[in-house]
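Trainee: Input structure: input.txt, which contains compact mmCIF, C-alpha atoms.
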```txt
# COMPACT_ATOMS: atom_id res chain seq x y z
CA MET A 1 20.06 -18.91 -22.32
CA PRO A 2 17.76 -17.71 -19.53
CA THR A 3 19.32 -17.26 -16.11
CA VAL A 4 18.68 -20.21 -13.79
CA LYS A 5 17.45 -19.05 -10.38
CA ALA A 6 18.64 -20.43 -7.09
CA GLY A 7 16.23 -22.85 -5.47
CA ARG A 8 14.84 -20.37 -2.94
CA ASN A 9 14.69 -17.44 -5.35
CA LYS A 10 10.99 -16.68 -5.85
CA THR A 11 11.46 -13.39 -7.72
CA ILE A 12 8.85 -12.87 -10.44
CA ASP A 13 10.49 -11.64 -13.64
CA THR A 14 8.31 -13.22 -16.33
CA SER A 15 8.75 -11.74 -19.80
CA VAL A 16 5.85 -10.44 -21.89
CA ARG A 17 6.27 -13.40 -24.26
CA GLU A 18 6.28 -15.93 -21.42
CA GLY A 19 3.39 -14.20 -19.69
CA LYS A 20 1.09 -13.72 -22.65
CA ILE A 21 -1.71 -15.51 -20.81
CA PHE A 22 -1.50 -12.90 -18.04
CA LEU A 23 -1.22 -9.97 -20.41
CA ASN A 24 -4.44 -11.14 -22.08
CA ARG A 25 -6.21 -10.67 -18.75
CA CYS A 26 -5.45 -6.95 -18.87
CA ILE A 27 -7.61 -4.41 -20.63
CA ARG A 28 -7.02 -1.21 -22.60
CA LEU A 29 -9.45 1.66 -22.14
CA THR A 30 -10.04 3.82 -25.22
CA GLN A 31 -13.36 5.48 -24.46
CA LYS A 32 -15.14 6.91 -21.44
CA THR A 33 -17.13 4.43 -19.38
CA ALA A 34 -19.92 5.28 -16.96
CA SER A 35 -20.04 1.78 -15.49
CA LEU A 36 -17.58 0.17 -13.09
CA ARG A 37 -18.46 -3.31 -14.32
CA ALA A 38 -15.98 -3.11 -17.21
CA VAL A 39 -13.05 -1.84 -15.12
CA ALA A 40 -13.48 -3.13 -11.56
CA ASN A 41 -10.96 -5.83 -10.58
CA LYS A 42 -8.96 -5.16 -13.72
CA THR A 43 -5.43 -4.20 -14.63
CA ILE A 44 -5.54 -1.43 -17.23
CA LEU A 45 -2.59 -1.19 -19.59
CA GLY A 46 -2.04 2.46 -20.37
CA ASP A 47 -0.85 5.90 -19.22
CA MET A 48 -2.79 7.08 -16.18
CA LEU A 49 -3.00 10.62 -17.59
CA GLN A 50 -5.05 9.24 -20.50
CA VAL A 51 -6.89 6.49 -18.62
CA CYS A 52 -8.15 8.33 -15.53
CA PRO A 53 -10.38 10.81 -17.43
CA LEU A 54 -12.17 7.78 -18.93
CA LEU A 55 -13.14 6.26 -15.57
CA PRO A 56 -16.43 6.94 -13.72
CA GLN A 57 -16.25 10.02 -11.52
CA LYS A 58 -16.83 9.83 -7.75
CA SER A 59 -16.49 6.04 -7.85
CA VAL A 60 -13.29 5.37 -5.87
CA ASP A 61 -13.12 4.97 -2.09
CA LEU A 62 -9.34 4.89 -1.73
CA ILE A 63 -6.43 5.95 -3.93
CA ILE A 64 -2.91 4.66 -3.29
CA ALA A 65 -0.41 6.42 -5.55
CA ASP A 66 3.27 5.59 -5.88
CA PRO A 67 4.42 7.95 -8.66
CA PRO A 68 8.01 8.05 -9.90
CA TYR A 69 10.20 9.87 -7.41
CA ASN A 70 12.21 12.76 -8.82
CA LEU A 71 15.16 10.52 -9.62
CA THR A 72 16.55 9.26 -12.90
CA LYS A 73 15.51 5.61 -12.91
CA SER A 74 14.80 2.95 -15.51
CA PHE A 75 11.48 1.10 -15.43
CA ASN A 76 11.77 -1.89 -17.77
CA GLY A 77 13.82 0.19 -20.20
CA ALA A 78 11.62 3.30 -19.98
CA THR A 79 13.57 6.01 -18.16
CA PHE A 80 12.03 8.61 -15.87
CA SER A 81 14.49 11.51 -15.86
CA LYS A 82 15.05 13.75 -12.88
CA LYS A 83 13.29 17.08 -13.35
CA LYS A 84 13.80 20.56 -12.01
CA THR A 85 11.79 21.19 -8.86
CA ALA A 86 9.28 23.39 -10.69
CA ASP A 87 8.81 20.78 -13.41
CA TYR A 88 8.26 17.98 -10.92
CA GLU A 89 5.70 20.15 -9.15
CA THR A 90 3.92 20.69 -12.48
CA TYR A 91 3.96 16.94 -13.10
CA THR A 92 2.52 16.29 -9.63
CA ARG A 93 -0.28 18.79 -10.21
CA GLN A 94 -0.99 17.19 -13.57
CA TRP A 95 -1.57 13.68 -12.27
CA LEU A 96 -3.41 14.83 -9.13
CA SER A 97 -5.82 16.82 -11.29
CA VAL A 98 -6.89 13.71 -13.22
CA ILE A 99 -7.46 11.52 -10.15
CA LYS A 100 -9.23 14.14 -8.03
CA PRO A 101 -12.57 13.74 -9.89
CA LEU A 102 -12.53 9.96 -9.33
CA LEU A 103 -12.49 10.06 -5.52
CA LYS A 104 -15.72 9.97 -3.54
CA GLU A 105 -16.44 12.81 -1.11
CA THR A 106 -15.73 10.35 1.74
CA GLY A 107 -12.62 8.99 0.02
CA SER A 108 -8.96 9.03 1.08
CA ILE A 109 -5.68 9.23 -0.80
CA TYR A 110 -2.16 8.13 0.14
CA VAL A 111 0.86 9.28 -1.88
CA CYS A 112 4.29 7.63 -1.58
CA CYS A 113 7.47 9.69 -1.92
CA ASP A 114 11.07 9.98 -0.78
CA TRP A 115 12.37 12.76 1.48
CA GLN A 116 13.13 15.10 -1.42
CA THR A 117 9.86 14.73 -3.34
CA SER A 118 7.97 14.79 -0.03
CA LEU A 119 8.67 18.52 0.19
CA ILE A 120 6.89 18.98 -3.14
CA VAL A 121 4.14 16.37 -2.80
CA GLY A 122 2.98 17.57 0.62
CA ARG A 123 2.65 21.15 -0.56
CA VAL A 124 0.84 20.33 -3.81
CA LEU A 125 -1.40 17.66 -2.28
CA GLY A 126 -2.79 20.25 0.11
CA ASP A 127 -4.10 22.26 -2.85
CA PHE A 128 -6.33 19.33 -3.85
CA PHE A 129 -7.19 17.52 -0.60
CA HIS A 130 -7.31 17.87 3.19
CA ILE A 131 -3.97 16.65 4.53
CA ARG A 132 -4.36 14.45 7.63
CA ASN A 133 -0.85 13.18 8.31
CA ARG A 134 2.58 12.35 6.98
CA ILE A 135 3.64 8.75 7.57
CA THR A 136 7.34 7.92 7.62
CA TRP A 137 8.38 4.30 7.25
CA GLN A 138 11.77 2.68 7.73
CA ARG A 139 12.82 0.85 4.60
CA GLU A 140 16.23 -0.48 5.73
CA LYS A 141 17.59 -1.12 2.29
CA GLY A 142 20.25 0.47 0.13
CA ARG A 143 23.90 1.28 0.46
CA GLY A 144 25.41 3.75 2.89
CA ALA A 145 26.64 7.18 1.85
CA LYS A 146 30.21 8.35 2.46
CA ALA A 147 29.42 12.07 2.73
CA ASN A 148 25.83 11.97 3.99
CA TRP A 149 23.47 10.01 6.19
CA LYS A 150 22.16 6.80 4.68
CA ASN A 151 18.65 7.30 3.34
CA GLY A 152 16.62 4.70 5.24
CA MET A 153 13.21 6.40 5.31
CA GLU A 154 10.36 7.15 2.93
CA ASP A 155 7.18 9.18 3.37
CA ILE A 156 3.52 8.55 2.62
CA TRP A 157 1.15 11.53 2.71
CA PHE A 158 -2.37 10.79 3.95
CA ALA A 159 -5.17 13.10 2.81
CA THR A 160 -8.95 13.04 2.40
CA ASN A 161 -11.51 14.65 0.14
CA GLY A 162 -13.51 16.00 3.08
CA ASP A 163 -14.03 15.85 6.82
CA LYS A 164 -15.96 12.59 6.66
CA TYR A 165 -13.77 9.60 5.87
CA THR A 166 -13.06 6.00 6.79
CA PHE A 167 -10.47 5.21 9.44
CA ASP A 168 -10.62 1.81 11.15
CA LEU A 169 -8.20 2.02 14.06
CA ASN A 170 -8.83 -1.48 15.39
CA ALA A 171 -7.93 -3.02 12.03
CA VAL A 172 -4.36 -1.72 12.11
CA LYS A 173 -3.23 -2.14 15.70
CA ILE A 174 0.19 -3.75 16.13
CA ARG A 175 0.88 -6.72 18.39
CA LYS A 176 3.99 -6.11 20.49
CA LYS A 177 5.68 -8.19 23.12
CA VAL A 178 5.31 -6.81 26.66
CA ILE A 179 8.70 -6.53 28.36
CA ALA A 180 7.64 -5.02 31.68
CA PRO A 181 3.98 -6.02 32.25
CA TYR A 182 1.86 -3.72 34.44
CA ARG A 183 -0.80 -5.26 36.68
CA VAL A 184 -3.77 -3.97 38.65
CA ASN A 185 -4.90 -6.17 41.55
CA GLY A 186 -2.68 -8.89 40.12
CA GLN A 187 -4.40 -8.86 36.74
CA PRO A 188 -2.90 -7.77 33.40
CA LYS A 189 -3.55 -4.12 32.57
CA ASP A 190 -4.01 -3.52 28.81
CA TRP A 191 -2.10 -6.66 27.79
CA THR A 192 -2.75 -10.38 27.36
CA LYS A 193 -0.96 -13.19 29.19
CA THR A 194 -0.31 -16.36 27.18
CA GLU A 195 1.81 -19.48 27.57
CA GLN A 196 4.02 -18.29 24.71
CA GLY A 197 4.51 -14.76 26.09
CA ASN A 198 2.81 -11.51 27.00
CA TYR A 199 1.49 -9.25 24.24
CA ARG A 200 -0.23 -5.92 23.83
CA ASP A 201 -2.12 -4.58 20.82
CA THR A 202 -0.99 -0.97 20.42
CA CYS A 203 -2.23 1.95 18.35
CA PRO A 204 -0.04 2.59 15.30
CA SER A 205 1.78 5.88 14.98
CA ASN A 206 2.82 7.74 11.85
CA PHE A 207 6.26 6.11 12.08
CA TRP A 208 6.26 2.54 10.77
CA ASP A 209 9.33 0.50 11.70
CA ASP A 210 7.84 -2.95 11.15
CA ILE A 211 8.00 -3.09 7.33
CA THR A 212 10.20 -5.58 5.49
CA ILE A 213 11.20 -4.69 1.94
CA PRO A 214 10.42 -7.62 -0.43
CA PHE A 215 13.51 -9.68 -1.21
CA TRP A 216 14.36 -12.64 -3.42
CA SER A 217 13.12 -15.47 -1.20
CA MET A 218 9.68 -13.91 -0.61
CA ALA A 219 6.79 -15.04 -2.80
CA GLU A 220 5.67 -11.44 -3.31
CA ASN A 221 9.03 -10.28 -4.68
CA THR A 222 9.34 -9.12 -8.28
CA ALA A 223 12.12 -7.57 -10.33
CA HIS A 224 10.44 -4.15 -10.16
CA PRO A 225 13.00 -1.57 -8.93
CA THR A 226 10.70 0.28 -6.51
CA GLN A 227 8.29 -2.39 -5.29
CA LYS A 228 6.40 -1.72 -2.04
CA SER A 229 5.67 -4.57 0.36
CA GLU A 230 2.23 -6.10 0.78
CA LYS A 231 2.33 -5.42 4.51
CA LEU A 232 2.84 -1.70 3.89
CA ILE A 233 -0.13 -1.47 1.54
CA ALA A 234 -2.26 -3.69 3.79
CA LYS A 235 -1.98 -1.13 6.60
CA ILE A 236 -3.34 1.58 4.32
CA ILE A 237 -6.16 -0.49 2.85
CA LEU A 238 -7.35 -1.81 6.22
CA ALA A 239 -7.26 1.63 7.83
CA SER A 240 -8.97 3.60 5.06
CA SER A 241 -11.46 1.24 3.43
CA VAL A 242 -13.97 -1.48 4.22
CA LYS A 243 -14.76 -4.73 2.43
CA ASN A 244 -16.03 -4.29 -1.13
CA ASP A 245 -14.74 -0.69 -1.32
CA LEU A 246 -12.98 0.28 -4.56
CA VAL A 247 -9.22 0.91 -4.40
CA LEU A 248 -7.39 2.64 -7.25
CA ASP A 249 -3.66 2.58 -7.92
CA PRO A 250 -2.82 4.84 -10.90
CA PHE A 251 0.88 3.81 -10.85
CA LEU A 252 0.39 0.09 -10.29
CA GLY A 253 3.90 -1.16 -11.01
CA SER A 254 4.14 -4.86 -10.21
CA GLY A 255 0.63 -4.97 -8.77
CA THR A 256 1.02 -4.84 -4.99
CA THR A 257 -2.02 -2.62 -4.36
CA SER A 258 -4.35 -4.77 -6.48
CA VAL A 259 -3.03 -7.99 -4.94
CA VAL A 260 -3.50 -6.77 -1.37
CA ALA A 261 -6.94 -5.35 -2.18
CA LYS A 262 -7.97 -8.75 -3.51
CA LYS A 263 -6.60 -10.56 -0.47
CA LEU A 264 -8.50 -8.19 1.83
CA GLN A 265 -11.76 -8.53 -0.12
CA ARG A 266 -11.75 -5.08 -1.70
CA ARG A 267 -12.37 -4.27 -5.34
CA TYR A 268 -9.52 -2.72 -7.26
CA ILE A 269 -8.43 -0.90 -10.40
CA GLY A 270 -4.76 -0.79 -11.33
CA ILE A 271 -3.29 1.34 -14.12
CA GLU A 272 0.19 0.57 -15.47
CA ARG A 273 1.89 1.70 -18.67
CA GLU A 274 4.53 -1.06 -18.86
CA ALA A 275 3.19 -4.34 -20.30
CA ARG A 276 5.73 -6.46 -18.45
CA TYR A 277 4.69 -5.04 -15.09
CA CYS A 278 1.07 -5.74 -15.99
CA VAL A 279 2.08 -9.37 -16.57
CA TRP A 280 3.62 -9.54 -13.11
CA ALA A 281 0.54 -7.95 -11.53
CA GLU A 282 -1.81 -10.47 -13.11
CA GLU A 283 0.53 -13.35 -12.27
CA ARG A 284 0.45 -12.28 -8.64
CA LEU A 285 -3.32 -11.81 -8.69
CA LYS A 286 -3.69 -15.36 -9.95
CA ALA A 287 -1.41 -16.67 -7.21
CA ALA A 288 -3.43 -14.76 -4.59
CA GLU A 289 -6.40 -17.00 -5.34
CA GLN A 290 -4.47 -19.90 -3.83
CA ASN A 291 -2.45 -18.01 -1.22
CA PRO A 292 -4.19 -15.04 0.42
CA GLN A 293 -1.55 -14.62 3.14
CA ILE A 294 0.25 -11.33 3.77
CA GLN A 295 3.65 -11.64 5.40
CA GLY A 296 3.67 -9.95 8.82
CA TYR A 297 -0.14 -9.89 9.06
CA VAL A 298 -1.60 -13.00 10.70
CA ASN A 299 -5.22 -13.61 11.75
CA GLY A 300 -6.07 -9.91 11.71
CA VAL A 301 -2.95 -8.84 13.61
CA PHE A 302 0.09 -6.86 12.44
CA TRP A 303 3.25 -8.20 14.04
CA GLU A 304 6.53 -6.50 14.79
CA ARG A 305 9.22 -7.10 12.20
CA ASN A 306 11.36 -10.22 12.70
CA SER A 307 8.90 -11.75 15.18
CA LEU A 308 8.13 -14.85 13.10
CA PRO A 309 8.55 -17.35 15.99
CA GLU A 310 5.93 -15.44 18.00
CA GLN A 311 3.67 -15.35 14.94
CA LYS A 312 3.80 -19.12 14.58
CA ALA A 313 3.08 -19.67 18.24
CA GLN A 314 0.38 -17.03 18.48
CA THR A 315 -1.66 -17.46 15.30
CA LYS A 316 -4.63 -18.80 17.28
CA ILE A 317 -4.50 -16.18 20.03
CA PRO A 318 -7.23 -13.53 19.65
CA ARG A 319 -6.61 -9.84 20.02
CA SER A 320 -6.21 -8.70 23.61
CA LYS A 321 -9.38 -7.77 25.43
CA LYS A 322 -10.21 -4.12 24.88
CA LYS A 323 -13.21 -1.87 24.58
CA SER A 324 -14.60 -1.63 21.09
CA ALA A 325 -13.93 1.67 19.40
CA PRO A 326 -16.97 3.90 18.91
CA LYS A 327 -18.72 3.48 15.59
CA ALA A 328 -17.55 6.92 14.51
CA CYS A 329 -13.97 5.81 15.13
CA ARG A 330 -14.35 2.53 13.26
CA LYS A 331 -16.07 3.94 10.22
CA PHE A 332 -16.01 7.72 9.91
CA PHE A 333 -14.26 10.68 11.47
CA THR A 334 -15.75 14.15 11.27
CA ALA A 335 -14.29 17.57 11.88
CA LYS A 336 -15.52 17.65 15.47
CA ASN A 337 -14.27 14.20 16.53
CA LYS A 338 -11.02 13.81 14.63
```
Since I need it in another form, could you write the structure as structure tokens?
Mentor:
Amino acid sequence: MPTVKAGRNKTIDTSVREGKIFLNRCIRLTQKTASLRAVANKTILGDMLQVCPLLPQKSVDLIIADPPYNLTKSFNGATFSKKKTADYETYTRQWLSVIKPLLKETGSIYVCCDWQTSLIVGRVLGDFFHIRNRITWQREKGRGAKANWKNGMEDIWFATNGDKYTFDLNAVKIRKKVIAPYRVNGQPKDWTKTEQGNYRDTCPSNFWDDITIPFWSMAENTAHPTQKSEKLIAKIILASSVKNDLVLDPFLGSGTTSVVAKKLQRRYIGIEREARYCVWAEERLKAAEQNPQIQGYVNGVFWERNSLPEQKAQTKIPRSKKKSAPKACRKFFTAKNK
């Protein structure tokens, strides 16, 4: 008998048989296509090493890649086995070589990794792209270690194809509560006074401590073992793309990148080799048509983690008054102004 979930358990774990209607929404690519019409806003069932060479070159604005970390882990029964460092480096070069031709000259790429694979990914990524930064985010999940520090961080490498690329700073500022407000002539300086509290919209750094890992009572949660949160991916998509841009995730998993791209009015292509994960991705994409919300991102504002009461009270408060960023900052950076 199937396991009966608790009332608040929203975890998506639909089987392939139960989710046949969603699997039928996916496509398989068997021959090279020069047109995006057949693949845009689709989940492609297949191995990215075989699928990527079939996609149109120079068509993608943003790539978000979450490849298997160099750990032995089961993905719906298919096991990725830990490799020797040299072999994992070879594997990284292999998949980067098939996605490189897909990215536009103005495109960006973000690659997720843990602290161990970060040492490999950062070095190899630099052979293909221009590295801009290494983001570290606090995941706050997992058990402690008796003979080592608990691993509570993961990395995301940010790189671009060239010196001209999209980076929208204003789209990813974080709203924080002002504890000690500074005034000039009695007026707020770089913060907004409201009846519910004082807030400032701050520039994000490359350390993200406001991310909540999806858990069983969240509508976005699935049974995927390495699922990333929608808020995490939303930061990347908003910073490094604009509406109607094309976002590619070659290791789609349970579909977070495609779902967030849809919610933020971007086009998407997701590639996933496990049929059951494709089912979950399409199930979530269908649900996004009715519920476009992203937890922790309200009315164009990213909120600090665990600040839900402030979110509810402040949903109608606009961003604090500030000078608009120059056009070059909002849309493109170049070598001389980065």
Trainee: Counting all atoms listed in the file, which residue out of A:Thr85, A:Ser35, A:Gln50, A:Gln293 sits closest to Gln116 (chain A)?
Mentor: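 With all atoms listed in the file as the atom set, the closest residue is A:Thr85.
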Trainee: What is the CA of Glu272 (chain A) to CA of Gly255 (chain A) distance in Å?
Mentor: 8.7 Å
Trainee: Considering all atoms listed in the file, tabulate each residue of region 6-72 of chain A that lies at most 8 Å from region 213-227 of chain A along with its nearest interatomic pair and the corresponding distance in Å to one decimal; arrange the rows by chain and ascending residue number and present them as a tab-separated table.
Mentor:
```
residue	atom	partner	partner_atom	distance
A:Arg8	CA	A:Ser217	CA	5.5
A:Asn9	CA	A:Ser217	CA	4.9
A:Lys10	CA	A:Ser217	CA	5.3
A:Thr11	CA	A:Thr222	CA	4.8
A:Ile12	CA	A:Thr222	CA	4.4
A:Asp13	CA	A:Ala223	CA	5.5
```
Trainee: With distances taken over only C-alpha atoms, which residue among A:Ala275, A:Leu169, A:Val242, A:Val178 lies nearest Thr194 (chain A)?
Mentor: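 For Thr194 (chain A), the nearest of the given residues is A:Val178.
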Trainee: State, in Å with one decimal place, the distance from CA of Pro53 (chain A) to CA of Ile99 (chain A).
Mentor: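 Calculated distance between CA of Pro53 (chain A) and CA of Ile99 (chain A) is 7.9 Å.
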Trainee: Can you tell me how far CA of Asn24 (chain A) sits from CA of Ile269 (chain A), in Å to one decimal?
Mentor: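 Between these atoms lies a distance of 16.0 Å.
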Trainee: In terms of the shortest atom-to-atom distance over only C-alpha atoms, which of A:Thr14, A:Asn299, A:Asn206, A:Ser118 is closest to Thr136 (chain A)?
Mentor: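 Closest residue, counting only C-alpha atoms: A:Asn206.
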Trainee: Considering all atoms listed in the file, return as a PyMOL selection string whatever protein or nucleic-acid residues lie within 12 Å of Leu119 (chain A), sequence-local ones (same chain, fewer than 2 positions apart) excluded.
Mentor: chain A and resi 69-70+85-86+88-89+92+112-117+121-126+134+154-157
Trainee: Of the candidates A:Tyr91, A:Tyr268, A:Tyr165, A:Tyr277, which one gets nearest to Gly107 (chain A) if we count only C-alpha atoms?
Mentor: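 Going through A:Tyr91, A:Tyr268, A:Tyr165, A:Tyr277 one by one, the smallest distance to Gly107 (chain A) is for A:Tyr165.
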Trainee: Restricting the calculation to only C-alpha atoms, which member of A:Ile131, A:Ala40, A:Cys26, A:Val51 is positioned closest to Val247 (chain A)?
Mentor: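 Closest to Val247 (chain A) of all the choices is A:Ala40.
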Trainee: Could you name the residues that touch Ile271 (chain A) at 7 Å or less, counting only C-alpha atoms, but leaving out those on the same chain fewer than 5 positions away, as an MDAnalysis selection string?
Mentor: chainID A and resid 43:46 48 249:252
Trainee: So, counting all atoms listed in the file, which residue among A:Thr33, A:Thr257, A:Thr90, A:Thr192 is closest to Ser59 (chain A)?
Mentor: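 Selected residue with least distance to Ser59 (chain A): A:Thr33.
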Trainee: If you take all atoms listed in the file and a cut-off of 10 Å, which residues of region 39-78 of chain A touch region 101-106 of chain A, and what are their nearest atom pairs and distances in Å to one decimal, in chain and number order, as a Markdown table?
Mentor:
```
| residue | atom | partner | partner_atom | distance |
| --- | --- | --- | --- | --- |
| A:Cys52 | CA | A:Leu102 | CA | 7.8 |
| A:Pro53 | CA | A:Pro101 | CA | 8.4 |
| A:Leu54 | CA | A:Leu102 | CA | 9.9 |
| A:Leu55 | CA | A:Leu102 | CA | 7.3 |
| A:Pro56 | CA | A:Leu102 | CA | 6.6 |
| A:Gln57 | CA | A:Leu102 | CA | 4.3 |
| A:Lys58 | CA | A:Lys104 | CA | 4.4 |
| A:Ser59 | CA | A:Leu102 | CA | 5.8 |
| A:Val60 | CA | A:Leu103 | CA | 4.8 |
| A:Asp61 | CA | A:Lys104 | CA | 5.8 |
| A:Leu62 | CA | A:Leu103 | CA | 7.1 |
| A:Ile63 | CA | A:Leu103 | CA | 7.5 |
```
Trainee: Compile the contact shell of Ala288 (chain A) as a ChimeraX atom specification: residues with an atom at most 9 Å away, counting only C-alpha atoms, same-chain residues fewer than 5 positions apart removed.
Mentor: /A:259-260,262-263,283,293
